[in-house]
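Student: Sharing target-v1.cif (mmCIF, C-alpha atoms; chains and numbers go by the auth columns) below.
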data_input
loop_
_atom_site.group_PDB
_atom_site.id
_atom_site.type_symbol
_atom_site.label_atom_id
_atom_site.label_comp_id
_atom_site.label_asym_id
_atom_site.label_seq_id
_atom_site.Cartn_x
_atom_site.Cartn_y
_atom_site.Cartn_z
_atom_site.B_iso_or_equiv
_atom_site.auth_seq_id
_atom_site.auth_asym_id
ATOM 1 C CA MET A 1 1.401 4.572 40.847 0.00 1 H
ATOM 2 C CA VAL A 2 0.427 1.834 38.405 0.00 2 H
ATOM 3 C CA LYS A 3 -1.398 -1.208 39.772 0.00 3 H
ATOM 4 C CA LYS A 4 0.107 -4.191 37.978 0.00 4 H
ATOM 5 C CA THR A 5 -1.804 -7.404 37.443 0.00 5 H
ATOM 6 C CA ARG A 6 -0.170 -10.743 38.248 0.00 6 H
ATOM 7 C CA ILE A 7 -0.614 -11.871 34.678 0.00 7 H
ATOM 8 C CA THR A 8 2.386 -11.140 32.487 0.00 8 H
ATOM 9 C CA ASN A 9 2.460 -11.103 28.691 0.00 9 H
ATOM 10 C CA ASP A 10 4.710 -11.072 25.647 0.00 10 H
ATOM 11 C CA ILE A 11 2.417 -9.067 23.409 0.00 11 H
ATOM 12 C CA ARG A 12 5.058 -6.452 22.575 0.00 12 H
ATOM 13 C CA THR A 13 7.500 -9.133 21.406 0.00 13 H
ATOM 14 C CA LEU A 14 4.814 -11.037 19.504 0.00 14 H
ATOM 15 C CA ARG A 15 3.680 -7.842 17.781 0.00 15 H
ATOM 16 C CA PHE A 16 7.239 -7.172 16.726 0.00 16 H
ATOM 17 C CA MET A 17 7.600 -10.696 15.389 0.00 17 H
ATOM 18 C CA THR A 18 4.292 -10.437 13.511 0.00 18 H
ATOM 19 C CA SER A 19 5.352 -7.953 10.841 0.00 19 H
ATOM 20 C CA GLU A 20 5.812 -5.239 13.490 0.00 20 H
ATOM 21 C CA MET A 21 2.073 -5.043 14.038 0.00 21 H
ATOM 22 C CA THR A 22 0.919 -1.774 15.594 0.00 22 H
ATOM 23 C CA GLN A 23 -1.158 -1.568 18.763 0.00 23 H
ATOM 24 C CA ALA A 24 -3.989 -0.025 16.721 0.00 24 H
ATOM 25 C CA GLU A 25 -3.943 -2.926 14.258 0.00 25 H
ATOM 26 C CA LEU A 26 -3.989 -5.510 17.046 0.00 26 H
ATOM 27 C CA ALA A 27 -6.811 -3.624 18.751 0.00 27 H
ATOM 28 C CA LYS A 28 -8.834 -3.585 15.537 0.00 28 H
ATOM 29 C CA ARG A 29 -8.341 -7.300 14.919 0.00 29 H
ATOM 30 C CA VAL A 30 -9.279 -8.235 18.479 0.00 30 H
ATOM 31 C CA GLY A 31 -12.144 -5.765 18.739 0.00 31 H
ATOM 32 C CA VAL A 32 -10.978 -3.593 21.621 0.00 32 H
ATOM 33 C CA THR A 33 -9.635 -0.043 21.820 0.00 33 H
ATOM 34 C CA ARG A 34 -5.970 0.838 21.411 0.00 34 H
ATOM 35 C CA GLN A 35 -6.034 2.106 25.007 0.00 35 H
ATOM 36 C CA THR A 36 -7.027 -1.381 26.150 0.00 36 H
ATOM 37 C CA VAL A 37 -4.166 -2.988 24.203 0.00 37 H
ATOM 38 C CA ILE A 38 -1.764 -0.480 25.812 0.00 38 H
ATOM 39 C CA ALA A 39 -3.195 -1.260 29.281 0.00 39 H
ATOM 40 C CA ILE A 40 -2.849 -5.037 28.687 0.00 40 H
ATOM 41 C CA GLU A 41 0.721 -4.672 27.387 0.00 41 H
ATOM 42 C CA GLN A 42 1.712 -2.594 30.408 0.00 42 H
ATOM 43 C CA GLY A 43 0.078 -5.086 32.786 0.00 43 H
ATOM 44 C CA ARG A 44 -2.528 -2.590 33.993 0.00 44 H
ATOM 45 C CA TYR A 45 -5.485 -4.685 32.828 0.00 45 H
ATOM 46 C CA SER A 46 -6.182 -8.414 32.617 0.00 46 H
ATOM 47 C CA PRO A 47 -8.270 -9.118 29.514 0.00 47 H
ATOM 48 C CA SER A 48 -11.229 -11.474 29.374 0.00 48 H
ATOM 49 C CA LEU A 49 -10.579 -15.045 28.280 0.00 49 H
ATOM 50 C CA GLU A 50 -12.225 -14.271 24.956 0.00 50 H
ATOM 51 C CA VAL A 51 -9.878 -11.367 24.198 0.00 51 H
ATOM 52 C CA ALA A 52 -6.897 -13.413 25.407 0.00 52 H
ATOM 53 C CA PHE A 53 -7.776 -16.262 23.040 0.00 53 H
ATOM 54 C CA GLN A 54 -8.403 -13.832 20.194 0.00 54 H
ATOM 55 C CA MET A 55 -4.942 -12.335 20.706 0.00 55 H
ATOM 56 C CA ALA A 56 -3.367 -15.796 20.639 0.00 56 H
ATOM 57 C CA GLU A 57 -5.275 -16.475 17.420 0.00 57 H
ATOM 58 C CA VAL A 58 -4.037 -13.234 15.846 0.00 58 H
ATOM 59 C CA PHE A 59 -0.429 -14.181 16.648 0.00 59 H
ATOM 60 C CA ASN A 60 -1.124 -17.804 15.710 0.00 60 H
ATOM 61 C CA VAL A 61 0.428 -19.152 18.911 0.00 61 H
ATOM 62 C CA PRO A 62 -0.949 -21.009 21.975 0.00 62 H
ATOM 63 C CA ILE A 63 -2.419 -18.724 24.636 0.00 63 H
ATOM 64 C CA GLU A 64 0.360 -19.545 27.126 0.00 64 H
ATOM 65 C CA GLU A 65 2.879 -17.990 24.756 0.00 65 H
ATOM 66 C CA VAL A 66 0.964 -14.722 24.957 0.00 66 H
ATOM 67 C CA PHE A 67 -0.007 -14.693 28.639 0.00 67 H
ATOM 68 C CA GLN A 68 1.723 -16.198 31.644 0.00 68 H
ATOM 69 C CA TYR A 69 0.693 -16.548 35.266 0.00 69 H
ATOM 70 C CA PRO A 70 3.909 -16.839 37.303 0.00 70 H
ATOM 71 C CA LYS A 71 3.723 -18.883 40.472 0.00 71 H
ATOM 72 C CA GLU A 72 3.875 -16.804 43.629 0.00 72 H
ATOM 73 C CA ASN A 73 6.750 -17.709 45.963 0.00 73 H
ATOM 74 C CA ASN A 74 6.011 -18.126 49.662 0.00 74 H
ATOM 75 C CA GLU A 75 8.318 -17.110 52.545 0.00 75 H
ATOM 76 C CA ASN A 76 10.518 -20.213 52.074 0.00 76 H
ATOM 77 C CA GLY A 77 11.058 -19.413 48.434 0.00 77 H
ATOM 78 C CA LEU A 78 8.914 -22.343 47.362 0.00 78 H
ATOM 79 C CA SER A 79 6.027 -22.035 44.977 0.00 79 H
ATOM 80 C CA GLU A 80 2.533 -22.280 46.444 0.00 80 H
ATOM 81 C CA ASN A 81 1.562 -25.302 44.401 0.00 81 H
ATOM 82 C CA SER A 82 4.716 -27.335 44.970 0.00 82 H
ATOM 83 C CA MET B 1 -6.158 9.925 26.389 0.00 1 U
ATOM 84 C CA SER B 2 -9.257 8.215 24.984 0.00 2 U
ATOM 85 C CA PHE B 3 -12.561 9.962 24.212 0.00 3 U
ATOM 86 C CA TRP B 4 -14.144 8.380 27.298 0.00 4 U
ATOM 87 C CA GLU B 5 -11.352 9.562 29.555 0.00 5 U
ATOM 88 C CA LYS B 6 -11.697 13.124 28.248 0.00 6 U
ATOM 89 C CA SER B 7 -15.469 12.875 28.646 0.00 7 U
ATOM 90 C CA THR B 8 -15.092 11.751 32.281 0.00 8 U
ATOM 91 C CA LEU B 9 -12.671 14.589 32.986 0.00 9 U
ATOM 92 C CA ALA B 10 -15.061 17.133 31.419 0.00 10 U
ATOM 93 C CA VAL B 11 -18.059 15.917 33.441 0.00 11 U
ATOM 94 C CA LEU B 12 -15.987 15.904 36.651 0.00 12 U
ATOM 95 C CA ALA B 13 -14.816 19.470 36.020 0.00 13 U
ATOM 96 C CA GLY B 14 -18.417 20.520 35.281 0.00 14 U
ATOM 97 C CA ILE B 15 -19.748 18.942 38.476 0.00 15 U
ATOM 98 C CA VAL B 16 -17.023 20.452 40.675 0.00 16 U
ATOM 99 C CA LEU B 17 -17.609 23.873 39.101 0.00 17 U
ATOM 100 C CA VAL B 18 -21.415 23.863 39.245 0.00 18 U
ATOM 101 C CA TYR B 19 -21.855 22.230 42.651 0.00 19 U
ATOM 102 C CA GLY B 20 -19.042 24.391 44.015 0.00 20 U
ATOM 103 C CA TRP B 21 -21.018 27.436 42.919 0.00 21 U
ATOM 104 C CA TYR B 22 -24.193 25.896 44.411 0.00 22 U
ATOM 105 C CA GLY B 23 -22.428 25.324 47.734 0.00 23 U
ATOM 106 C CA MET B 24 -21.241 28.927 47.862 0.00 24 U
ATOM 107 C CA GLN B 25 -24.779 30.197 47.173 0.00 25 U
ATOM 108 C CA VAL B 26 -26.202 27.991 49.938 0.00 26 U
ATOM 109 C CA MET B 27 -23.532 29.230 52.373 0.00 27 U
ATOM 110 C CA ALA B 28 -24.462 32.797 51.495 0.00 28 U
ATOM 111 C CA LEU B 29 -28.145 32.033 52.170 0.00 29 U
ATOM 112 C CA VAL B 30 -27.317 30.393 55.503 0.00 30 U
ATOM 113 C CA SER B 31 -25.156 33.310 56.627 0.00 31 U
ATOM 114 C CA SER B 32 -27.946 35.753 55.704 0.00 32 U
ATOM 115 C CA GLY B 33 -30.421 33.645 57.694 0.00 33 U
ATOM 116 C CA ASP B 34 -32.584 32.885 54.660 0.00 34 U
ATOM 117 C CA THR B 35 -33.093 29.143 55.081 0.00 35 U
ATOM 118 C CA ASP B 36 -36.531 28.971 53.530 0.00 36 U
ATOM 119 C CA LEU B 37 -36.916 26.102 51.062 0.00 37 U
ATOM 120 C CA SER B 38 -38.307 28.415 48.371 0.00 38 U
ATOM 121 C CA ALA B 39 -34.963 30.219 48.335 0.00 39 U
ATOM 122 C CA ILE B 40 -33.143 27.189 46.920 0.00 40 U
ATOM 123 C CA LYS B 41 -35.767 26.084 44.382 0.00 41 U
ATOM 124 C CA TRP B 42 -34.401 28.396 41.690 0.00 42 U
ATOM 125 C CA LEU B 43 -30.861 27.530 42.758 0.00 43 U
ATOM 126 C CA ILE B 44 -31.404 23.819 42.158 0.00 44 U
ATOM 127 C CA PHE B 45 -33.045 24.541 38.800 0.00 45 U
ATOM 128 C CA VAL B 46 -30.161 26.811 37.698 0.00 46 U
ATOM 129 C CA THR B 47 -27.612 24.234 38.900 0.00 47 U
ATOM 130 C CA ILE B 48 -29.169 21.418 36.855 0.00 48 U
ATOM 131 C CA VAL B 49 -29.521 23.556 33.708 0.00 49 U
ATOM 132 C CA ALA B 50 -25.969 24.935 34.076 0.00 50 U
ATOM 133 C CA LEU B 51 -24.563 21.422 34.515 0.00 51 U
ATOM 134 C CA ILE B 52 -26.351 20.163 31.389 0.00 52 U
ATOM 135 C CA ILE B 53 -25.125 23.159 29.345 0.00 53 U
ATOM 136 C CA ILE B 54 -21.520 22.822 30.559 0.00 54 U
ATOM 137 C CA VAL B 55 -21.381 19.061 29.968 0.00 55 U
ATOM 138 C CA VAL B 56 -22.946 19.331 26.484 0.00 56 U
ATOM 139 C CA ALA B 57 -20.631 22.240 25.546 0.00 57 U
ATOM 140 C CA ALA B 58 -17.589 20.340 26.816 0.00 58 U
ATOM 141 C CA HIS B 59 -18.533 17.298 24.740 0.00 59 U
ATOM 142 C CA ILE B 60 -19.008 19.458 21.642 0.00 60 U
ATOM 143 C CA VAL B 61 -15.496 20.880 22.175 0.00 61 U
ATOM 144 C CA ILE B 62 -14.040 17.387 22.700 0.00 62 U
ATOM 145 C CA ALA B 63 -15.819 16.128 19.558 0.00 63 U
ATOM 146 C CA ILE B 64 -14.465 19.068 17.499 0.00 64 U
ATOM 147 C CA LEU B 65 -10.932 18.513 18.800 0.00 65 U
ATOM 148 C CA GLU B 66 -11.226 14.792 18.105 0.00 66 U
ATOM 149 C CA LYS B 67 -12.802 15.337 14.692 0.00 67 U
ATOM 150 C CA LYS B 68 -9.781 14.170 12.709 0.00 68 U
ATOM 151 C CA HIS B 69 -9.683 10.951 14.758 0.00 69 U
ATOM 152 C CA PHE B 70 -13.446 10.370 14.514 0.00 70 U
ATOM 153 C CA GLY B 71 -14.394 6.742 13.986 0.00 71 U
ATOM 154 C CA GLU B 72 -11.002 5.474 15.059 0.00 72 U
ATOM 155 C CA ILE B 73 -10.578 2.488 17.318 0.00 73 U
ATOM 156 C CA ASP B 74 -10.150 4.600 20.503 0.00 74 U
ATOM 157 C CA ASP B 75 -13.764 5.837 20.256 0.00 75 U
ATOM 158 C CA GLY B 76 -15.054 2.341 20.965 0.00 76 U
ATOM 159 C CA TYR B 77 -16.642 1.143 24.174 0.00 77 U
ATOM 160 C CA ASP B 78 -15.032 -2.189 24.933 0.00 78 U
ATOM 161 C CA GLU B 79 -14.861 -4.657 27.853 0.00 79 U
ATOM 162 C CA ARG B 80 -12.333 -2.538 29.774 0.00 80 U
ATOM 163 C CA GLU B 81 -14.576 0.532 29.525 0.00 81 U
ATOM 164 C CA GLN B 82 -17.527 -1.553 30.724 0.00 82 U
ATOM 165 C CA LEU B 83 -15.564 -2.918 33.691 0.00 83 U
ATOM 166 C CA ILE B 84 -14.394 0.562 34.680 0.00 84 U
ATOM 167 C CA GLU B 85 -18.003 1.801 34.382 0.00 85 U
ATOM 168 C CA HIS B 86 -19.362 -1.057 36.524 0.00 86 U
ATOM 169 C CA ARG B 87 -16.757 -0.591 39.252 0.00 87 U
ATOM 170 C CA SER B 88 -17.194 3.162 39.412 0.00 88 U
ATOM 171 C CA ASN B 89 -20.988 2.730 39.490 0.00 89 U
ATOM 172 C CA SER B 90 -20.542 0.442 42.469 0.00 90 U
ATOM 173 C CA THR B 91 -18.456 3.113 44.247 0.00 91 U
ATOM 174 C CA HIS B 92 -21.168 5.660 43.405 0.00 92 U
ATOM 175 C CA THR B 93 -23.885 3.459 44.891 0.00 93 U
ATOM 176 C CA TYR B 94 -22.009 2.928 48.180 0.00 94 U
ATOM 177 C CA THR B 95 -21.244 6.647 48.556 0.00 95 U
ATOM 178 C CA LEU B 96 -24.794 7.713 47.740 0.00 96 U
ATOM 179 C CA SER B 97 -26.281 5.059 50.050 0.00 97 U
ATOM 180 C CA ALA B 98 -24.075 6.237 52.907 0.00 98 U
ATOM 181 C CA GLY B 99 -25.218 9.793 52.227 0.00 99 U
ATOM 182 C CA VAL B 100 -28.878 8.803 52.242 0.00 100 U
ATOM 183 C CA VAL B 101 -28.497 6.905 55.538 0.00 101 U
ATOM 184 C CA ILE B 102 -26.749 9.900 57.163 0.00 102 U
ATOM 185 C CA THR B 103 -29.487 12.213 55.843 0.00 103 U
ATOM 186 C CA ILE B 104 -32.206 9.913 57.238 0.00 104 U
ATOM 187 C CA GLY B 105 -30.401 10.096 60.577 0.00 105 U
ATOM 188 C CA PHE B 106 -30.515 13.898 60.463 0.00 106 U
ATOM 189 C CA ALA B 107 -34.180 13.838 59.399 0.00 107 U
ATOM 190 C CA LEU B 108 -35.057 11.648 62.400 0.00 108 U
ATOM 191 C CA TYR B 109 -33.532 14.282 64.670 0.00 109 U
ATOM 192 C CA ASP B 110 -35.793 17.024 63.330 0.00 110 U
ATOM 193 C CA ALA B 111 -33.433 18.629 60.824 0.00 111 U
ATOM 194 C CA SER B 112 -35.105 21.304 58.714 0.00 112 U
ATOM 195 C CA MET B 113 -36.223 20.551 55.170 0.00 113 U
ATOM 196 C CA PHE B 114 -33.610 23.077 54.000 0.00 114 U
ATOM 197 C CA THR B 115 -30.863 21.021 55.643 0.00 115 U
ATOM 198 C CA ILE B 116 -32.210 17.703 54.365 0.00 116 U
ATOM 199 C CA VAL B 117 -32.524 18.895 50.759 0.00 117 U
ATOM 200 C CA ASN B 118 -29.042 20.383 50.788 0.00 118 U
ATOM 201 C CA MET B 119 -27.544 17.282 52.375 0.00 119 U
ATOM 202 C CA LEU B 120 -29.088 15.163 49.606 0.00 120 U
ATOM 203 C CA VAL B 121 -27.817 17.531 46.912 0.00 121 U
ATOM 204 C CA GLY B 122 -24.403 17.529 48.559 0.00 122 U
ATOM 205 C CA PHE B 123 -24.159 13.753 48.844 0.00 123 U
ATOM 206 C CA HIS B 124 -25.386 13.430 45.258 0.00 124 U
ATOM 207 C CA ALA B 125 -22.533 15.684 44.140 0.00 125 U
ATOM 208 C CA VAL B 126 -19.980 13.891 46.316 0.00 126 U
ATOM 209 C CA ALA B 127 -21.115 10.491 44.994 0.00 127 U
ATOM 210 C CA ASP B 128 -20.696 11.729 41.410 0.00 128 U
ATOM 211 C CA ILE B 129 -17.268 13.187 42.158 0.00 129 U
ATOM 212 C CA VAL B 130 -16.151 9.942 43.830 0.00 130 U
ATOM 213 C CA LYS B 131 -17.459 7.901 40.897 0.00 131 U
ATOM 214 C CA LEU B 132 -15.762 10.009 38.228 0.00 132 U
ATOM 215 C CA SER B 133 -12.520 10.179 40.219 0.00 133 U
ATOM 216 C CA ALA B 134 -12.572 6.390 40.590 0.00 134 U
ATOM 217 C CA LYS B 135 -12.990 6.113 36.820 0.00 135 U
ATOM 218 C CA LEU B 136 -10.052 8.417 36.129 0.00 136 U
ATOM 219 C CA ILE B 137 -7.874 6.513 38.611 0.00 137 U
ATOM 220 C CA ALA B 138 -8.845 3.211 36.937 0.00 138 U
ATOM 221 C CA TYR B 139 -7.941 4.620 33.508 0.00 139 U
ATOM 222 C CA ARG B 140 -4.526 5.809 34.709 0.00 140 U
ATOM 223 C CA ARG B 141 -3.575 3.287 37.373 0.00 141 U
ATOM 224 C CA GLY B 142 -5.189 0.166 35.971 0.00 142 U
ATOM 225 C CA MET B 143 -7.356 -2.469 37.611 0.00 143 U
#
Can you dump the structure from the file as structure tokens?
Tutor:
Amino acid sequence: MVKKTRITNDIRTLRFMTSEMTQAELAKRVGVTRQTVIAIEQGRYSPSLEVAFQMAEVFNVPIEEVFQYPKENNENGLSENS
Amino acid sequence: MSFWEKSTLAVLAGIVLVYGWYGMQVMALVSSGDTDLSAIKWLIFVTIVALIIIVVAAHIVIAILEKKHFGEIDDGYDEREQLIEHRSNSTHTYTLSAGVVITIGFALYDASMFTIVNMLVGFHAVADIVKLSAKLIAYRRGM
């Protein structure tokens, strides 16, 4: 069973939109292994802030377009921060 | 599977194999009534040498099989590898500490040196197995 992180991402889509960049190429440009890129894409690993910012820089988009942190709903269906 | 994952798997297999053999030898000594400490000195030496040989040989095989991918990005040791290493080291420390405390308890109740040494060897092996298993789970399941 895979343990998913709460952080979601659009790396797969952004890779596709950036000249169909491969996971290996993204890994090389960010300075991590391909296995780490796969783990991040699948939501099995939350990267450090540095790697997250580097990824946003590679795709030339703001970090929130790469990673999202959805609000958790409570029992009443309301978000925690509302 | 990355180089580090294969390496972890190889070391785990080596430890299970070698310490499994060690355990069987100790059981044989106990059942024959030979619980003198000198009887396990050679056994510990052989176990350590065998483990080193198996682990080195396994890494040579992995390196040969990975030869065509040598120098590729998956050989790197990045932040995720470091985090997995730190967490599994923490698990190792807790397991080993628990083992040492239990062994001290036995020692206080006049356990023989044969028992104490073998308990320490056993807990050392268990701590390593727990650590390497935790690493493999982290690689597969995520963190």
Student: Can you build me a table of chain U residues sitting at most 12 Å from chain H, with the closest atom pair per residue and its distance in Å to one decimal, using all atoms listed in the file, sorted by chain and residue number, as a Markdown table?
Tutor:
| residue | atom | partner | partner_atom | distance |
| --- | --- | --- | --- | --- |
| U:Met1 | CA | H:Gln35 | CA | 7.9 |
| U:Ser2 | CA | H:Gln35 | CA | 6.9 |
| U:Phe3 | CA | H:Gln35 | CA | 10.2 |
| U:Trp4 | CA | H:Gln35 | CA | 10.5 |
| U:Glu5 | CA | H:Gln35 | CA | 10.2 |
| U:Gly71 | CA | H:Thr33 | CA | 11.4 |
| U:Glu72 | CA | H:Thr33 | CA | 8.8 |
| U:Ile73 | CA | H:Thr33 | CA | 5.3 |
| U:Asp74 | CA | H:Thr33 | CA | 4.9 |
| U:Asp75 | CA | H:Thr33 | CA | 7.4 |
| U:Gly76 | CA | H:Thr33 | CA | 6.0 |
| U:Tyr77 | CA | H:Thr33 | CA | 7.5 |
| U:Asp78 | CA | H:Val32 | CA | 5.4 |
| U:Glu79 | CA | H:Val32 | CA | 7.4 |
| U:Arg80 | CA | H:Thr36 | CA | 6.5 |
| U:Glu81 | CA | H:Thr36 | CA | 8.5 |
| U:Gln82 | CA | H:Val32 | CA | 11.4 |
| U:Leu83 | CA | H:Tyr45 | CA | 10.3 |
| U:Ile84 | CA | H:Tyr45 | CA | 10.5 |
| U:Ile137 | CA | H:Val2 | CA | 9.5 |
| U:Ala138 | CA | H:Arg44 | CA | 9.1 |
| U:Tyr139 | CA | H:Ala39 | CA | 8.7 |
| U:Arg140 | CA | H:Val2 | CA | 7.3 |
| U:Arg141 | CA | H:Val2 | CA | 4.4 |
| U:Gly142 | CA | H:Arg44 | CA | 4.3 |
| U:Met143 | CA | H:Tyr45 | CA | 5.6 |
Student: Store the residues picked out above, limited to C-alpha atoms, as a compact mmCIF listing (two decimals), in the coordinates of the input.
Tutor:
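Generated output (result.txt):
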# COMPACT_ATOMS: atom_id res chain seq x y z
CA MET U 1 -6.16 9.93 26.39
CA SER U 2 -9.26 8.22 24.98
CA PHE U 3 -12.56 9.96 24.21
CA TRP U 4 -14.14 8.38 27.30
CA GLU U 5 -11.35 9.56 29.56
CA GLY U 71 -14.39 6.74 13.99
CA GLU U 72 -11.00 5.47 15.06
CA ILE U 73 -10.58 2.49 17.32
CA ASP U 74 -10.15 4.60 20.50
CA ASP U 75 -13.76 5.84 20.26
CA GLY U 76 -15.05 2.34 20.96
CA TYR U 77 -16.64 1.14 24.17
CA ASP U 78 -15.03 -2.19 24.93
CA GLU U 79 -14.86 -4.66 27.85
CA ARG U 80 -12.33 -2.54 29.77
CA GLU U 81 -14.58 0.53 29.52
CA GLN U 82 -17.53 -1.55 30.72
CA LEU U 83 -15.56 -2.92 33.69
CA ILE U 84 -14.39 0.56 34.68
CA ILE U 137 -7.87 6.51 38.61
CA ALA U 138 -8.85 3.21 36.94
CA TYR U 139 -7.94 4.62 33.51
CA ARG U 140 -4.53 5.81 34.71
CA ARG U 141 -3.58 3.29 37.37
CA GLY U 142 -5.19 0.17 35.97
CA MET U 143 -7.36 -2.47 37.61
Student: I would like the residues chosen by the PyMOL selection byres ((chain H and resi 69) around 9) on the shown file; could you give them as a PDB file with C-alpha atoms, keeping the file's coordinate frame?
Tutor:
ATOM      1  CA  ARG H   6      -0.170 -10.743  38.248  1.00  0.00           C
ATOM      2  CA  ILE H   7      -0.614 -11.871  34.678  1.00  0.00           C
ATOM      3  CA  THR H   8       2.386 -11.140  32.487  1.00  0.00           C
ATOM      4  CA  ASN H   9       2.460 -11.103  28.691  1.00  0.00           C
ATOM      5  CA  GLU H  64       0.360 -19.545  27.126  1.00  0.00           C
ATOM      6  CA  PHE H  67      -0.007 -14.693  28.639  1.00  0.00           C
ATOM      7  CA  GLN H  68       1.723 -16.198  31.644  1.00  0.00           C
ATOM      8  CA  PRO H  70       3.909 -16.839  37.303  1.00  0.00           C
ATOM      9  CA  LYS H  71       3.723 -18.883  40.472  1.00  0.00           C
ATOM     10  CA  GLU H  72       3.875 -16.804  43.629  1.00  0.00           C
TER      11      GLU H  72
END
Student: Would you write out, as a PDB file with C-alpha atoms, keeping the file's coordinate frame, every residue that the PyMOL selection byres ((chain H and resi 63) around 12) captures in this file?
Tutor:
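out17.pdb, written as the output of this step:
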ATOM      1  CA  THR H   8       2.386 -11.140  32.487  1.00  0.00           C
ATOM      2  CA  ASN H   9       2.460 -11.103  28.691  1.00  0.00           C
ATOM      3  CA  ASP H  10       4.710 -11.072  25.647  1.00  0.00           C
ATOM      4  CA  ILE H  11       2.417  -9.067  23.409  1.00  0.00           C
ATOM      5  CA  LEU H  14       4.814 -11.037  19.504  1.00  0.00           C
ATOM      6  CA  LEU H  49     -10.579 -15.045  28.280  1.00  0.00           C
ATOM      7  CA  GLU H  50     -12.225 -14.271  24.956  1.00  0.00           C
ATOM      8  CA  VAL H  51      -9.878 -11.367  24.198  1.00  0.00           C
ATOM      9  CA  ALA H  52      -6.897 -13.413  25.407  1.00  0.00           C
ATOM     10  CA  PHE H  53      -7.776 -16.262  23.040  1.00  0.00           C
ATOM     11  CA  GLN H  54      -8.403 -13.832  20.194  1.00  0.00           C
ATOM     12  CA  MET H  55      -4.942 -12.335  20.706  1.00  0.00           C
ATOM     13  CA  ALA H  56      -3.367 -15.796  20.639  1.00  0.00           C
ATOM     14  CA  GLU H  57      -5.275 -16.475  17.420  1.00  0.00           C
ATOM     15  CA  VAL H  58      -4.037 -13.234  15.846  1.00  0.00           C
ATOM     16  CA  PHE H  59      -0.429 -14.181  16.648  1.00  0.00           C
ATOM     17  CA  ASN H  60      -1.124 -17.804  15.710  1.00  0.00           C
ATOM     18  CA  VAL H  61       0.428 -19.152  18.911  1.00  0.00           C
ATOM     19  CA  PRO H  62      -0.949 -21.009  21.975  1.00  0.00           C
ATOM     20  CA  GLU H  64       0.360 -19.545  27.126  1.00  0.00           C
ATOM     21  CA  GLU H  65       2.879 -17.990  24.756  1.00  0.00           C
ATOM     22  CA  VAL H  66       0.964 -14.722  24.957  1.00  0.00           C
ATOM     23  CA  PHE H  67      -0.007 -14.693  28.639  1.00  0.00           C
ATOM     24  CA  GLN H  68       1.723 -16.198  31.644  1.00  0.00           C
ATOM     25  CA  TYR H  69       0.693 -16.548  35.266  1.00  0.00           C
TER      26      TYR H  69
END
Student: Leaving out Asp128 (chain U) and any residue of its chain fewer than 5 positions from it, which residues lie within 10 Å of it when counting all atoms listed in the file, given as a JSON list (two decimals) with C-alpha atoms, in the coordinates of the input?
Tutor:
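To be explicit, this is the file written out as part-v2.json:
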[["chain", "number", "residue", "atom", "x", "y", "z"],
["U", 11, "VAL", "CA", -18.06, 15.92, 33.44],
["U", 12, "LEU", "CA", -15.99, 15.90, 36.65],
["U", 15, "ILE", "CA", -19.75, 18.94, 38.48],
["U", 16, "VAL", "CA", -17.02, 20.45, 40.67],
["U", 88, "SER", "CA", -17.19, 3.16, 39.41],
["U", 89, "ASN", "CA", -20.99, 2.73, 39.49],
["U", 91, "THR", "CA", -18.46, 3.11, 44.25],
["U", 92, "HIS", "CA", -21.17, 5.66, 43.40],
["U", 93, "THR", "CA", -23.88, 3.46, 44.89],
["U", 95, "THR", "CA", -21.24, 6.65, 48.56],
["U", 96, "LEU", "CA", -24.79, 7.71, 47.74],
["U", 122, "GLY", "CA", -24.40, 17.53, 48.56],
["U", 123, "PHE", "CA", -24.16, 13.75, 48.84],
["U", 133, "SER", "CA", -12.52, 10.18, 40.22],
["U", 134, "ALA", "CA", -12.57, 6.39, 40.59]]
Student: Provide the CA of Leu51 (chain U) to CA of Trp21 (chain U) distance in Å, to one decimal place.
Tutor: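 Separation of CA of Leu51 (chain U) and CA of Trp21 (chain U): 10.9 Å.
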Student: Take CA of Ser90 (chain U) and CA of Ala58 (chain U) and report the distance between them in Å, one decimal.
Tutor: 25.5 Å
Student: My list of candidates is U:Gly23, U:Glu85, U:Ser97, U:Gly33. Which is closest to Leu136 (chain U) when distances are computed with only C-alpha atoms?
Tutor: U:Glu85
Student: In Å, how far is it from CA of Ile40 (chain U) to CA of Val18 (chain U)?
Tutor: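 These atoms are spaced 14.4 Å apart.
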Student: For His86 (chain U), which residue among U:Ala50, U:Ile104, U:Leu132, U:Ile60 is the nearest when counting all atoms listed in the file?
Tutor: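 Comparing U:Ala50, U:Ile104, U:Leu132, U:Ile60 against His86 (chain U), the winner is U:Leu132.
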Student: Enumerate, as a ChimeraX atom specification, the residues matched when the PyMOL selection byres ((chain U and resi 113-120) around 7) is run on the file above.
Tutor: /U:35-37,100,103,107,111-112,121-124
Student: Tell me which protein, DNA and RNA residues are within 10 Å of Gln25 (chain U), counting all atoms listed in the file, leaving out same-chain ones fewer than 5 positions away, and put them as a list in words.
Tutor: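 In the requested form, the answer reads Tyr19, Gly20, Val30, Ser31, Ile40 and Leu43 of chain U.
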Student: Keeping C-alpha atoms, export the residues of the selection given above as a compact mmCIF listing (two decimals), in the frame of the given file.
Tutor:
# COMPACT_ATOMS: atom_id res chain seq x y z
CA TYR U 19 -21.86 22.23 42.65
CA GLY U 20 -19.04 24.39 44.02
CA VAL U 30 -27.32 30.39 55.50
CA SER U 31 -25.16 33.31 56.63
CA ILE U 40 -33.14 27.19 46.92
CA LEU U 43 -30.86 27.53 42.76
Student: Around region 20-25 of chain U, fit a box with edges along x, y and z, padding it by 4 Å on each side, then list its centre and edge lengths in Å to one decimal as lines of an AutoDock Vina configuration file.
Tutor:
center_x = -21.9
center_y = 27.3
center_z = 45.4
size_x = 13.7
size_y = 13.8
size_z = 12.9
